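Since the structure comes first, as structure tokens, the remarks are kept for the end.
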Protein chains: 2
Amino acid sequence: MHEKLRQHIEKIVPLTDDEFAFISAHFTTKKFKKHQFMIQEGDTVRYCYFVISGLLKLVHTDKGGKPHIVSFAMEDWWESDYYAFFTQTEATLSLECLEDTEVLCCTLEDYNKLCNGLQKMQRFFLEKANFGFLGSQRRIISWLTSNSKERYEQLIKQYPSLMQRVPKSLIASYLGVSRETLSRLSA
Amino acid sequence: MHEKLRQHIEKIVPLTDDEFAFISAHFTTKKFKKHQFMIQEGDTVRYCYFVISGLLKLVHTDKGGKPHIVSFAMEDWWESDYYAFFTQTEATLSLECLEDTEVLCCTLEDYNKLCNGLQKMQRFFLEKANFGFLGSQRRIISWLTSNSKERYEQLIKQYPSLMQRVPKSLIASYLGVSRETLSRLSA
DNA sequence: TTATATTCGTGATGTATGTCAAGTCCGGAT
DNA sequence: ATCCGGACTTGACATACATCACGAATATAA
């Protein structure tokens with residue numbers, strides 16, 4: 001089942017069997033049920049996660065108690081409260097399962113061992129980080145240049161499956177509009 | 001003058017003189033005047049830039065021709081149209097000087113040579129990429145959870161000098177509001 | 001200097017969106 | 001089958017913001 005991880009990494013750097021065995025040793029498997037929290041606000045964040053199957057939402061709750069979806073994470077995505085993970089501080093985000101989910105877990109210590117022990121792996125994480133940054137920048141640009149309807153259409157074009165898998169109120173939260181407004185956009 | 005680069009890198013990884021000499025050899029210096037374009041839409045993006053001094057704006061122009069500020073870049077920042085830089089495709093962003101500016105330039109080839117030739121440097125870029133991602137994510141959260149006035153206050157708190165260095169219309173563009181609205185927020 | 005552009009504020013008005021409220025539809029639990 | 005709660009839509013109204021217009025102050029250039 002770590003095989004999915006291997007395929008994922010080999011999209012960026014080829015691996016020998018020995019190398020993958022080394023990598024694999026730094027991950028553990030966990031399963032979560034729908035509605036379970038993988039990270040809750042205030043937790044110490046032990047892991048970053050590679051999603052084997054399932055679907056997650058990364059959520060920030062504002063002072064007024066209103067939740068906002070920072071991102072979704074589906075198969076082949078890496079997710080965590082990365083700020084808390086990297087700085088080993090308390091989580092300000094929560095990570096919750098929208099479906100039954102299976103993940104591979106990597107501690108910060110193992111993340112660093114992977115980077116230091118295998119140059120290819122550091123290269124892999126560098127690529128991931130760069131493209132993660134570009135994805136966020138793209139979302140910022142989308143927000144600066146497009147109205148709600150256009151952003152909605154861009155989202156369903158980019159992730160068509162999302163519409164079938166999550167309620168529209170969560171899509172609305174991700175886009176930063178109310179669920180009522182989103183409902184009216186389709187017209 | 002590459003000395004600023006050394007100090008900057010050594011905030012993350014310590015370097016020997018030999019190592020820094022190796023690094024230094026992969027950068028060239030350039031100077032630009034206020035209003036000069038370092039990157040224009042449609043250009044091939046030869047470099048990513050480390051800002052020694054001065055101030056830049058990274059801009060996306062929408063279909064209607066309206067410019068939107070994706071980010072500012074000041075001393076000690078790295079900037080480019082990274083998507084175009086990494087994928088060697090045409091720039092969709094422009095990079096323009098708001099002040100006379102001095103930068104160190106690094107081609108993608110040199111970037112890769114640095115990563116492959118010196119593990120410390122790959123580690124450095126990994127840290128930069130991770131924190132760049134976290135910065136963008138923070139901005140997205142700020143947008144999801146705060147109104148214009150709050151986002152404005154967060155910005156001046158985070159970068160007080162920006163207010164003295166750029167016209168408010170650019171701040172407005174960065175925040176995604178009209179200059180008139182920004183003008184009324186102070187009240 | 002004078003001329004010209006840039007910056008900034010402010011009023012009037014239209015529009016997009018949030019909020020509150022009601023009601024329908026549907027699936028899960030008992 | 002009945003009940004209940006979540007998902008979604010739609011209307012009414014309030015509000016934040018964009019846009020257009022104008023003028024004053026300031027900077028920049030000839």
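Residue numbering restarts at 1 for every chain of the structure tokens, chains are lettered A, B, ... in their displayed order, and ligands are numbered from 1 as they appear.
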Could you please tell me, as a ChimeraX atom specification, which residues of chain A have an atom within 9 Å of chain C when using only C-alpha atoms (C1' of nucleotides)?
-> /A:177-178,180-181
For chain D, list the residues within 8 Å of chain A, counting only C-alpha atoms (C1' of nucleotides), and write the list as JSON, numbers by chain.
-> {"D": [7, 8, 9]}
Export, as a CSV table (one decimal), in the first residue's frame, the selected residues with N, CA and C atoms (P, O5', C5', C4', C3', O3' and C1' of nucleotides).
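The result, stored in part.csv:
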```
chain,number,residue,atom,x,y,z
D,7,DA,P,-24.9,18.7,5.5
D,7,DA,O5',-25.8,18.9,4.2
D,7,DA,C5',-26.1,17.8,3.3
D,7,DA,C4',-26.9,18.4,2.1
D,7,DA,C3',-26.3,19.6,1.5
D,7,DA,O3',-26.2,19.4,0.1
D,7,DA,C1',-28.6,20.0,2.1
D,8,DC,P,-25.5,20.5,-0.8
D,8,DC,O5',-26.7,21.4,-1.3
D,8,DC,C5',-27.8,20.8,-2.1
D,8,DC,C4',-28.9,21.7,-2.2
D,8,DC,C3',-28.6,23.1,-2.7
D,8,DC,O3',-28.9,23.2,-4.1
D,8,DC,C1',-30.3,23.1,-1.0
D,9,DT,P,-28.7,24.5,-4.9
D,9,DT,O5',-30.1,25.3,-4.7
D,9,DT,C5',-31.3,24.6,-5.0
D,9,DT,C4',-32.5,25.5,-4.6
D,9,DT,C3',-32.5,26.9,-5.1
D,9,DT,O3',-33.6,27.0,-6.0
D,9,DT,C1',-33.0,26.9,-2.8
```
Counting only C-alpha atoms, collect the residues of chain B whose closest atom lies at most 6 Å from chain A, and write them out as number ranges by chain.
-> B: 126, 129-130, 133, 136, 144, 176
Convert the current residue selection to file output with C-alpha atoms, as a JSON list (two decimals), in the first residue's frame.
```json
[["chain", "number", "residue", "atom", "x", "y", "z"],
["B", 126, "LEU", "CA", 13.45, 23.96, 0.50],
["B", 129, "ALA", "CA", 9.81, 27.33, -0.58],
["B", 130, "ASN", "CA", 8.09, 25.98, 2.51],
["B", 133, "PHE", "CA", 3.97, 28.52, 0.74],
["B", 136, "SER", "CA", 0.67, 32.53, 0.71],
["B", 144, "LEU", "CA", -11.18, 34.24, 4.02],
["B", 176, "GLY", "CA", -7.97, 43.50, -3.77]]
```
Using only C-alpha atoms (C1' of nucleotides), which residues sit within 12 Å of Ile52 of chain A once same-chain residues fewer than 2 positions away are excluded, as a PyMOL selection string?
-> chain A and resi 1-8+28-32+49-50+54-56+73-79+100-105
Restricting the output to N, CA and C atoms, write the selected residues as a PDB file, in the first residue's frame.
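Here's the written file part.pdb:
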```pdb
ATOM      1  N   MET A   1       0.828  -1.205   0.000  1.00  0.00           N
ATOM      2  CA  MET A   1       0.000   0.000   0.000  1.00  0.00           C
ATOM      3  C   MET A   1       0.861   1.253   0.000  1.00  0.00           C
ATOM      4  N   HIS A   2       2.098   1.097   0.443  1.00  0.00           N
ATOM      5  CA  HIS A   2       3.071   2.168   0.252  1.00  0.00           C
ATOM      6  C   HIS A   2       3.410   2.334  -1.232  1.00  0.00           C
ATOM      7  N   GLU A   3       2.925   1.380  -2.002  1.00  0.00           N
ATOM      8  CA  GLU A   3       3.196   1.413  -3.436  1.00  0.00           C
ATOM      9  C   GLU A   3       2.686   2.716  -4.074  1.00  0.00           C
ATOM     10  N   LYS A   4       1.557   3.189  -3.559  1.00  0.00           N
ATOM     11  CA  LYS A   4       1.015   4.455  -4.086  1.00  0.00           C
ATOM     12  C   LYS A   4       1.999   5.588  -3.855  1.00  0.00           C
ATOM     13  N   LEU A   5       2.659   5.554  -2.703  1.00  0.00           N
ATOM     14  CA  LEU A   5       3.651   6.588  -2.396  1.00  0.00           C
ATOM     15  C   LEU A   5       4.805   6.516  -3.387  1.00  0.00           C
ATOM     16  N   ARG A   6       5.233   5.294  -3.676  1.00  0.00           N
ATOM     17  CA  ARG A   6       6.358   5.132  -4.602  1.00  0.00           C
ATOM     18  C   ARG A   6       6.032   5.711  -5.972  1.00  0.00           C
ATOM     19  N   GLN A   7       4.854   5.340  -6.470  1.00  0.00           N
ATOM     20  CA  GLN A   7       4.454   5.889  -7.772  1.00  0.00           C
ATOM     21  C   GLN A   7       4.407   7.406  -7.749  1.00  0.00           C
ATOM     22  N   HIS A   8       3.921   7.916  -6.636  1.00  0.00           N
ATOM     23  CA  HIS A   8       3.793   9.363  -6.496  1.00  0.00           C
ATOM     24  C   HIS A   8       5.156  10.042  -6.522  1.00  0.00           C
ATOM     25  N   THR A  28       4.302   5.680   8.602  1.00  0.00           N
ATOM     26  CA  THR A  28       3.389   4.715   9.200  1.00  0.00           C
ATOM     27  C   THR A  28       2.003   4.939   8.604  1.00  0.00           C
ATOM     28  N   THR A  29       1.189   3.912   8.648  1.00  0.00           N
ATOM     29  CA  THR A  29      -0.150   3.976   8.058  1.00  0.00           C
ATOM     30  C   THR A  29      -1.193   4.241   9.142  1.00  0.00           C
ATOM     31  N   LYS A  30      -2.183   5.052   8.797  1.00  0.00           N
ATOM     32  CA  LYS A  30      -3.316   5.225   9.709  1.00  0.00           C
ATOM     33  C   LYS A  30      -4.612   5.315   8.922  1.00  0.00           C
ATOM     34  N   LYS A  31      -5.678   4.886   9.571  1.00  0.00           N
ATOM     35  CA  LYS A  31      -6.995   4.975   8.946  1.00  0.00           C
ATOM     36  C   LYS A  31      -7.913   5.799   9.833  1.00  0.00           C
ATOM     37  N   PHE A  32      -8.725   6.597   9.200  1.00  0.00           N
ATOM     38  CA  PHE A  32      -9.682   7.439   9.926  1.00  0.00           C
ATOM     39  C   PHE A  32     -11.063   7.299   9.308  1.00  0.00           C
ATOM     40  N   TYR A  49       0.838  14.420   6.390  1.00  0.00           N
ATOM     41  CA  TYR A  49       0.137  13.248   5.889  1.00  0.00           C
ATOM     42  C   TYR A  49       0.150  13.178   4.364  1.00  0.00           C
ATOM     43  N   PHE A  50       0.334  11.972   3.883  1.00  0.00           N
ATOM     44  CA  PHE A  50       0.145  11.697   2.455  1.00  0.00           C
ATOM     45  C   PHE A  50      -1.144  10.895   2.312  1.00  0.00           C
ATOM     46  N   GLY A  54      -9.467   8.757   0.213  1.00  0.00           N
ATOM     47  CA  GLY A  54     -10.357   9.529   1.066  1.00  0.00           C
ATOM     48  C   GLY A  54     -10.297  11.013   0.741  1.00  0.00           C
ATOM     49  N   LEU A  55     -10.815  11.806   1.640  1.00  0.00           N
ATOM     50  CA  LEU A  55     -10.920  13.245   1.402  1.00  0.00           C
ATOM     51  C   LEU A  55     -10.914  13.984   2.734  1.00  0.00           C
ATOM     52  N   LEU A  56     -10.141  15.086   2.778  1.00  0.00           N
ATOM     53  CA  LEU A  56      -9.980  15.858   4.009  1.00  0.00           C
ATOM     54  C   LEU A  56     -10.307  17.320   3.771  1.00  0.00           C
ATOM     55  N   ALA A  73      -8.064  18.102   0.641  1.00  0.00           N
ATOM     56  CA  ALA A  73      -6.947  17.214   0.286  1.00  0.00           C
ATOM     57  C   ALA A  73      -7.516  15.871  -0.129  1.00  0.00           C
ATOM     58  N   MET A  74      -7.173  15.445  -1.324  1.00  0.00           N
ATOM     59  CA  MET A  74      -7.667  14.160  -1.787  1.00  0.00           C
ATOM     60  C   MET A  74      -6.498  13.221  -2.080  1.00  0.00           C
ATOM     61  N   GLU A  75      -6.778  12.119  -2.742  1.00  0.00           N
ATOM     62  CA  GLU A  75      -5.753  11.124  -3.030  1.00  0.00           C
ATOM     63  C   GLU A  75      -4.496  11.781  -3.612  1.00  0.00           C
ATOM     64  N   ASP A  76      -3.350  11.345  -3.154  1.00  0.00           N
ATOM     65  CA  ASP A  76      -2.056  11.803  -3.672  1.00  0.00           C
ATOM     66  C   ASP A  76      -1.665  13.200  -3.201  1.00  0.00           C
ATOM     67  N   TRP A  77      -2.462  13.768  -2.280  1.00  0.00           N
ATOM     68  CA  TRP A  77      -2.092  15.076  -1.767  1.00  0.00           C
ATOM     69  C   TRP A  77      -1.361  14.941  -0.437  1.00  0.00           C
ATOM     70  N   TRP A  78      -0.512  15.916  -0.167  1.00  0.00           N
ATOM     71  CA  TRP A  78       0.142  16.042   1.124  1.00  0.00           C
ATOM     72  C   TRP A  78      -0.591  17.110   1.911  1.00  0.00           C
ATOM     73  N   GLU A  79      -0.855  16.845   3.173  1.00  0.00           N
ATOM     74  CA  GLU A  79      -1.573  17.852   3.951  1.00  0.00           C
ATOM     75  C   GLU A  79      -1.173  17.807   5.414  1.00  0.00           C
ATOM     76  N   ASP A 100     -14.166   8.329   4.792  1.00  0.00           N
ATOM     77  CA  ASP A 100     -13.195   7.417   5.387  1.00  0.00           C
ATOM     78  C   ASP A 100     -11.874   7.594   4.647  1.00  0.00           C
ATOM     79  N   THR A 101     -10.794   7.679   5.390  1.00  0.00           N
ATOM     80  CA  THR A 101      -9.529   8.102   4.791  1.00  0.00           C
ATOM     81  C   THR A 101      -8.358   7.256   5.297  1.00  0.00           C
ATOM     82  N   GLU A 102      -7.458   6.977   4.373  1.00  0.00           N
ATOM     83  CA  GLU A 102      -6.246   6.251   4.729  1.00  0.00           C
ATOM     84  C   GLU A 102      -5.037   7.121   4.370  1.00  0.00           C
ATOM     85  N   VAL A 103      -4.128   7.255   5.315  1.00  0.00           N
ATOM     86  CA  VAL A 103      -2.984   8.146   5.094  1.00  0.00           C
ATOM     87  C   VAL A 103      -1.677   7.475   5.498  1.00  0.00           C
ATOM     88  N   LEU A 104      -0.584   8.025   4.948  1.00  0.00           N
ATOM     89  CA  LEU A 104       0.738   7.701   5.459  1.00  0.00           C
ATOM     90  C   LEU A 104       1.200   8.883   6.297  1.00  0.00           C
ATOM     91  N   CYS A 105       1.806   8.604   7.439  1.00  0.00           N
ATOM     92  CA  CYS A 105       2.185   9.646   8.391  1.00  0.00           C
ATOM     93  C   CYS A 105       3.697   9.780   8.460  1.00  0.00           C
TER      94      CYS A 105
END
```
Mind giving me the straight-line distance from atom CA of Asp43 of chain B to atom CA of Lys113 of chain B in Å, one decimal?
->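 Atom-to-atom, atom CA of Asp43 of chain B to atom CA of Lys113 of chain B, that is 23.3 Å.
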Straight-line distance linking atom CA of Leu118 of chain B with atom CA of Met38 of chain B, stated in Å to one decimal = 28.1 Å
Would you please extract all helix (DSSP H, G or I) residues from segment 94-166 of chain B, as assigned by DSSP on the backbone, and give them as JSON, numbers by chain?
-> {"B": [108, 109, 110, 111, 112, 113, 114, 115, 116, 117, 119, 120, 121, 122, 123, 124, 125, 126, 127, 128, 129, 130, 131, 132, 133, 134, 135, 136, 137, 138, 139, 140, 141, 142, 143, 144, 145, 148, 149, 150, 151, 152, 153, 154, 155, 156, 157, 158, 160, 161, 162, 163, 164, 165]}
Same residues, N, CA and C atoms, saved as a compact mmCIF listing (two decimals), in the first residue's frame:
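Writing done, so here's part.txt:
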```txt
# COMPACT_ATOMS: atom_id res chain seq x y z
N LEU B 108 17.76 29.15 -14.15
CA LEU B 108 17.24 27.85 -13.71
C LEU B 108 18.35 26.81 -13.72
N GLU B 109 19.22 26.90 -14.73
CA GLU B 109 20.36 25.97 -14.79
C GLU B 109 21.24 26.12 -13.55
N ASP B 110 21.51 27.35 -13.19
CA ASP B 110 22.35 27.57 -12.00
C ASP B 110 21.62 27.17 -10.71
N TYR B 111 20.33 27.41 -10.69
CA TYR B 111 19.53 26.98 -9.55
C TYR B 111 19.67 25.47 -9.36
N ASN B 112 19.56 24.74 -10.45
CA ASN B 112 19.68 23.29 -10.37
C ASN B 112 21.09 22.85 -10.00
N LYS B 113 22.07 23.56 -10.57
CA LYS B 113 23.46 23.23 -10.21
C LYS B 113 23.71 23.46 -8.72
N LEU B 114 23.15 24.52 -8.21
CA LEU B 114 23.30 24.80 -6.78
C LEU B 114 22.66 23.69 -5.94
N CYS B 115 21.46 23.29 -6.34
CA CYS B 115 20.77 22.25 -5.58
C CYS B 115 21.52 20.93 -5.63
N ASN B 116 22.01 20.58 -6.82
CA ASN B 116 22.67 19.30 -6.97
C ASN B 116 24.10 19.31 -6.44
N GLY B 117 24.73 20.47 -6.51
CA GLY B 117 26.13 20.56 -6.13
C GLY B 117 26.35 20.76 -4.65
N GLN B 119 24.24 20.21 -1.07
CA GLN B 119 23.03 19.79 -0.36
C GLN B 119 22.47 20.91 0.51
N LYS B 120 23.39 21.66 1.13
CA LYS B 120 22.96 22.77 1.99
C LYS B 120 22.09 23.77 1.22
N MET B 121 22.43 23.95 -0.04
CA MET B 121 21.71 24.95 -0.83
C MET B 121 20.31 24.44 -1.19
N GLN B 122 20.23 23.16 -1.47
CA GLN B 122 18.91 22.59 -1.72
C GLN B 122 18.06 22.71 -0.45
N ARG B 123 18.71 22.48 0.67
CA ARG B 123 18.01 22.61 1.94
C ARG B 123 17.53 24.05 2.13
N PHE B 124 18.39 24.98 1.79
CA PHE B 124 18.02 26.39 1.90
C PHE B 124 16.80 26.70 1.03
N PHE B 125 16.85 26.27 -0.21
CA PHE B 125 15.71 26.54 -1.11
C PHE B 125 14.45 25.84 -0.63
N LEU B 126 14.61 24.67 -0.05
CA LEU B 126 13.45 23.96 0.50
C LEU B 126 12.80 24.76 1.62
N GLU B 127 13.62 25.26 2.52
CA GLU B 127 13.08 26.10 3.61
C GLU B 127 12.37 27.32 3.05
N LYS B 128 13.02 27.96 2.08
CA LYS B 128 12.42 29.16 1.47
C LYS B 128 11.08 28.83 0.83
N ALA B 129 11.04 27.72 0.12
CA ALA B 129 9.81 27.33 -0.58
C ALA B 129 8.71 27.02 0.44
N ASN B 130 9.08 26.30 1.49
CA ASN B 130 8.09 25.98 2.51
C ASN B 130 7.53 27.25 3.15
N PHE B 131 8.39 28.17 3.49
CA PHE B 131 7.90 29.38 4.13
C PHE B 131 7.20 30.30 3.13
N GLY B 132 7.59 30.24 1.88
CA GLY B 132 6.85 30.97 0.86
C GLY B 132 5.43 30.44 0.75
N PHE B 133 5.30 29.14 0.77
CA PHE B 133 3.97 28.52 0.74
C PHE B 133 3.15 28.95 1.96
N LEU B 134 3.79 28.91 3.13
CA LEU B 134 3.06 29.28 4.34
C LEU B 134 2.63 30.74 4.30
N GLY B 135 3.45 31.60 3.72
CA GLY B 135 3.08 33.01 3.58
C GLY B 135 1.85 33.17 2.70
N SER B 136 1.83 32.45 1.60
CA SER B 136 0.67 32.53 0.71
C SER B 136 -0.57 31.98 1.39
N GLN B 137 -0.40 30.88 2.11
CA GLN B 137 -1.54 30.30 2.80
C GLN B 137 -2.09 31.26 3.85
N ARG B 138 -1.16 31.93 4.51
CA ARG B 138 -1.56 32.92 5.50
C ARG B 138 -2.38 34.04 4.87
N ARG B 139 -1.95 34.44 3.68
CA ARG B 139 -2.68 35.50 2.98
C ARG B 139 -4.07 35.02 2.58
N ILE B 140 -4.18 33.78 2.15
CA ILE B 140 -5.48 33.22 1.80
C ILE B 140 -6.39 33.19 3.03
N ILE B 141 -5.83 32.77 4.16
CA ILE B 141 -6.63 32.72 5.38
C ILE B 141 -7.08 34.12 5.78
N SER B 142 -6.17 35.07 5.64
CA SER B 142 -6.50 36.46 5.96
C SER B 142 -7.67 36.95 5.11
N TRP B 143 -7.64 36.53 3.85
CA TRP B 143 -8.71 36.94 2.95
C TRP B 143 -10.03 36.26 3.30
N LEU B 144 -9.95 34.97 3.69
CA LEU B 144 -11.18 34.24 4.02
C LEU B 144 -11.82 34.76 5.30
N THR B 145 -11.00 35.20 6.25
CA THR B 145 -11.53 35.48 7.58
C THR B 145 -11.70 36.96 7.89
N SER B 148 -11.91 44.06 4.51
CA SER B 148 -10.87 44.89 3.91
C SER B 148 -10.10 45.67 4.95
N LYS B 149 -10.82 46.24 5.89
CA LYS B 149 -10.16 47.08 6.88
C LYS B 149 -9.17 46.27 7.73
N GLU B 150 -9.62 45.09 8.13
CA GLU B 150 -8.74 44.23 8.93
C GLU B 150 -7.52 43.79 8.14
N ARG B 151 -7.72 43.45 6.87
CA ARG B 151 -6.59 43.01 6.04
C ARG B 151 -5.61 44.17 5.86
N TYR B 152 -6.15 45.36 5.72
CA TYR B 152 -5.30 46.55 5.59
C TYR B 152 -4.47 46.75 6.85
N GLU B 153 -5.12 46.61 7.99
CA GLU B 153 -4.40 46.80 9.26
C GLU B 153 -3.33 45.72 9.47
N GLN B 154 -3.67 44.50 9.08
CA GLN B 154 -2.68 43.43 9.18
C GLN B 154 -1.46 43.73 8.32
N LEU B 155 -1.73 44.27 7.13
CA LEU B 155 -0.62 44.56 6.21
C LEU B 155 0.30 45.64 6.76
N ILE B 156 -0.27 46.74 7.24
CA ILE B 156 0.60 47.81 7.72
C ILE B 156 1.32 47.39 9.00
N LYS B 157 0.71 46.48 9.74
CA LYS B 157 1.38 45.96 10.92
C LYS B 157 2.58 45.09 10.51
N GLN B 158 2.37 44.30 9.46
CA GLN B 158 3.42 43.38 9.04
C GLN B 158 4.54 44.09 8.29
N PRO B 160 5.26 47.86 7.93
CA PRO B 160 4.99 49.30 8.13
C PRO B 160 5.69 50.17 7.10
N SER B 161 6.88 49.77 6.68
CA SER B 161 7.65 50.62 5.77
C SER B 161 6.98 50.75 4.41
N LEU B 162 6.15 49.77 4.08
CA LEU B 162 5.52 49.77 2.77
C LEU B 162 4.69 51.04 2.55
N MET B 163 4.05 51.51 3.60
CA MET B 163 3.18 52.67 3.49
C MET B 163 3.95 53.91 3.06
N GLN B 164 5.20 53.99 3.51
CA GLN B 164 6.02 55.16 3.15
C GLN B 164 6.59 55.03 1.74
N ARG B 165 6.65 53.80 1.26
CA ARG B 165 7.42 53.57 0.03
C ARG B 165 6.56 53.43 -1.23
```
Could you work out how far atom CA of Gln40 of chain A lies from atom C1' of DG6 of chain D, giving the answer in Å with one decimal?
->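 Interatomic distance, atom C1' of DG6 of chain D to atom CA of Gln40 of chain A: 23.2 Å.
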Those of chain B in DSSP strand (DSSP E), formatted as a count of residues only = 42
